[in-house]
2 protein chains.
Amino acid sequence: MNRQELSIGGLAEKTGSNVQTIRYYEQIGLMPLPERTEGNQRRYGGEHVQRLAFIRNARDLGFSIETITTLLDLAAKPDRPCAEVIDIAEENLEVVRERLAKLRALERALKHLVASCDGGRMKDCRIIEALSDPRR
Amino acid sequence: MNRQELSIGGLAEKTGSNVQTIRYYEQIGLMPLPERTEGNQRRYGGEHVQRLAFIRNARDLGFSIETITTLLDLAAKPDRPCAEVIDIAEENLEVVRERLAKLRALERALKHLVASCDGGRMKDCRIIEALSDPRR
DNA sequence: CTTGAATCTATAGTCGCTATAGCTTGTAGC
DNA sequence: GCTACAAGCTATAGCGACTATAGATTCAAG
């Protein structure tokens, strides 16, 4: 009772994942094939739990699936320098910062838009007007 | 020479859009069907230009296509009160703010992650370690 | 044994686009 | 009128990361 004992639902619960997502990850090769019962049900052990935790942690931090694949490959090589991992994390941080900048600009524009209209009829609506502005 | 005179490429250029996107908008019903030449090419006039400008402006502000459909419907009713438009814009602003909060948290986590590793071997890599933390 | 929940595979959908293949039309230049 | 090339057309599939559903099987509890 310490080998592959988790059903897919059990694994999902343990890692805050979704059953469908786990199947999806298996399909795309991100999660290795698990053992199966005679009834063809998946059974997972500690290594799968760990790997899925890694994946979900990385997803939560905004790493793409492709990047996670790379990170997992790198993590499997204990004697390599971890400079590459640092690079990847830094790139990701940069992307997040760019997204933040864009969202901030968007917030500003929306705030301004909302403030520009004081109610009334649709034909005088400043929001509709602003949205109707010609482009370029 | 002032009726429907713009080709789809012309419309795309005038509104900073993409030909494919315009066709997509037509397919999902967001853009009305235009007139056609004998050779079956689309030809657009001022009303289409205006409508597409509205759509792109709204998309730029993060409104979903569904919401834009609603806004367009509302805009077509000049005597209605524009309270609904204000509500929609405010909701959208709220969504943007939530996304901002999430991204800020993400930036913080990533910043911390990047700072936690000072190079070395993969087996001592603090980033990999952090990603390997158990869930929940 | 029965029942109901969980599991399975296959397939399609979500959101908002974007790309491509193969064919036709339009336009400019000769 | 012919040629060449760009732009147009429809149909279909793909992108990224999931998510849902249908119909069938397995599992576990009573």
# chains A, B, ... in the order shown; residues from 1 in each chain; ligands from 1
call {"tool": "closest_atom_pairs", "arguments": {"of": "chain B", "to": "chain D", "cutoff": "10 Å", "atoms": "only C-alpha atoms (C1' of nucleotides)", "output": "CSV"}}
result
residue,atom,partner,partner_atom,distance
B:Ser7,CA,D:DG8,C1',8.6
B:Ile8,CA,D:DG8,C1',8.3
B:Gly9,CA,D:DA7,C1',7.9
B:Gly39,CA,D:DG8,C1',9.1
B:Asn40,CA,D:DC9,C1',7.5
B:Gln41,CA,D:DG8,C1',6.2
B:Arg42,CA,D:DG8,C1',8.5
call {"tool": "residues_around", "arguments": {"residues": "B:Lys111", "least_positions_apart": "2", "cutoff": "12 Å", "atoms": "only C-alpha atoms (C1' of nucleotides)", "output": "list in words"}}
result
Leu61, Ile86, Ala89, Glu90, Glu91, Asn92, Leu93, Glu94, Val96 and Arg97 of chain A; Leu103, Arg104, Ala105, Leu106, Glu107, Arg108, Ala109, Leu113, Val114, Ala115, Ser116, Cys117 and Ile127 of chain B
call {"tool": "select_by_dssp", "arguments": {"residues": "chain A", "states": "helix (DSSP H, G or I)", "output": "number ranges by chain"}}
result
A: 8-15, 19-27, 46-60, 65-75, 83-115, 122-124, 126-131
call {"tool": "closest_residue", "arguments": {"among": "B:Arg23, B:Lys123, B:Lys14, B:Arg80", "to": "chain C", "atoms": "only C-alpha atoms (C1' of nucleotides)"}}
result
B:Arg23
call {"tool": "interface_residues", "arguments": {"of": "chain C", "to": "chain A", "cutoff": "12 Å", "atoms": "only C-alpha atoms (C1' of nucleotides)", "output": "PyMOL selection string"}}
result
chain C and resi 5-9
call {"tool": "residues_around", "arguments": {"residues": "stretch 71-77 of chain B", "least_positions_apart": "4", "cutoff": "8 Å", "atoms": "only C-alpha atoms (C1' of nucleotides)", "output": "PyMOL selection string"}}
result
(chain A and resi 122-123+128) or (chain B and resi 67+85)
call {"tool": "select_by_dssp", "arguments": {"residues": "chain B", "states": "strand (DSSP E)", "output": "list in words"}}
result
Glu35, Arg36, Arg42 and Arg43 of chain B
call {"tool": "write_last_selection", "arguments": {"atoms": "N, CA, C and O atoms", "output": "compact mmCIF listing (two decimals), in the first residue's frame"}}
result
# COMPACT_ATOMS: atom_id res chain seq x y z
N GLU B 35 -22.29 44.47 -49.11
CA GLU B 35 -22.60 44.27 -50.52
C GLU B 35 -21.45 43.53 -51.19
O GLU B 35 -20.34 43.47 -50.65
N ARG B 36 -21.74 42.98 -52.38
CA ARG B 36 -20.70 42.24 -53.10
C ARG B 36 -20.61 42.75 -54.53
O ARG B 36 -21.59 43.20 -55.11
N ARG B 42 -16.33 41.57 -51.35
CA ARG B 42 -17.03 42.44 -50.42
C ARG B 42 -16.73 43.91 -50.68
O ARG B 42 -15.60 44.26 -51.02
N ARG B 43 -17.74 44.72 -50.50
CA ARG B 43 -17.52 46.15 -50.59
C ARG B 43 -18.21 46.84 -49.40
O ARG B 43 -19.38 46.57 -49.12
call {"tool": "residues_around", "arguments": {"residues": "A:Ala83", "least_positions_apart": "5", "cutoff": "9 Å", "atoms": "only C-alpha atoms (C1' of nucleotides)", "output": "list in words"}}
result
Ile88 of chain A; Asp118, Gly119, Gly120, Arg121 and Met122 of chain B
call {"tool": "atom_distance", "arguments": {"atom1": "atom CA of B:Glu98", "atom2": "atom CA of B:Pro81"}}
result
27.9 Å
call {"tool": "closest_residue", "arguments": {"among": "B:Phe54, B:Tyr44, B:Tyr25, B:Phe63", "to": "chain A", "atoms": "only C-alpha atoms"}}
result
B:Phe54
call {"tool": "closest_residue", "arguments": {"among": "A:Glu13, A:Thr21, A:Ile28, A:Glu66", "to": "chain B", "atoms": "only C-alpha atoms"}}
result
A:Glu13
call {"tool": "closest_residue", "arguments": {"among": "A:Ala53, A:Ile68, A:Val95, A:Met31", "to": "B:Pro134", "atoms": "only C-alpha atoms"}}
result
A:Ala53
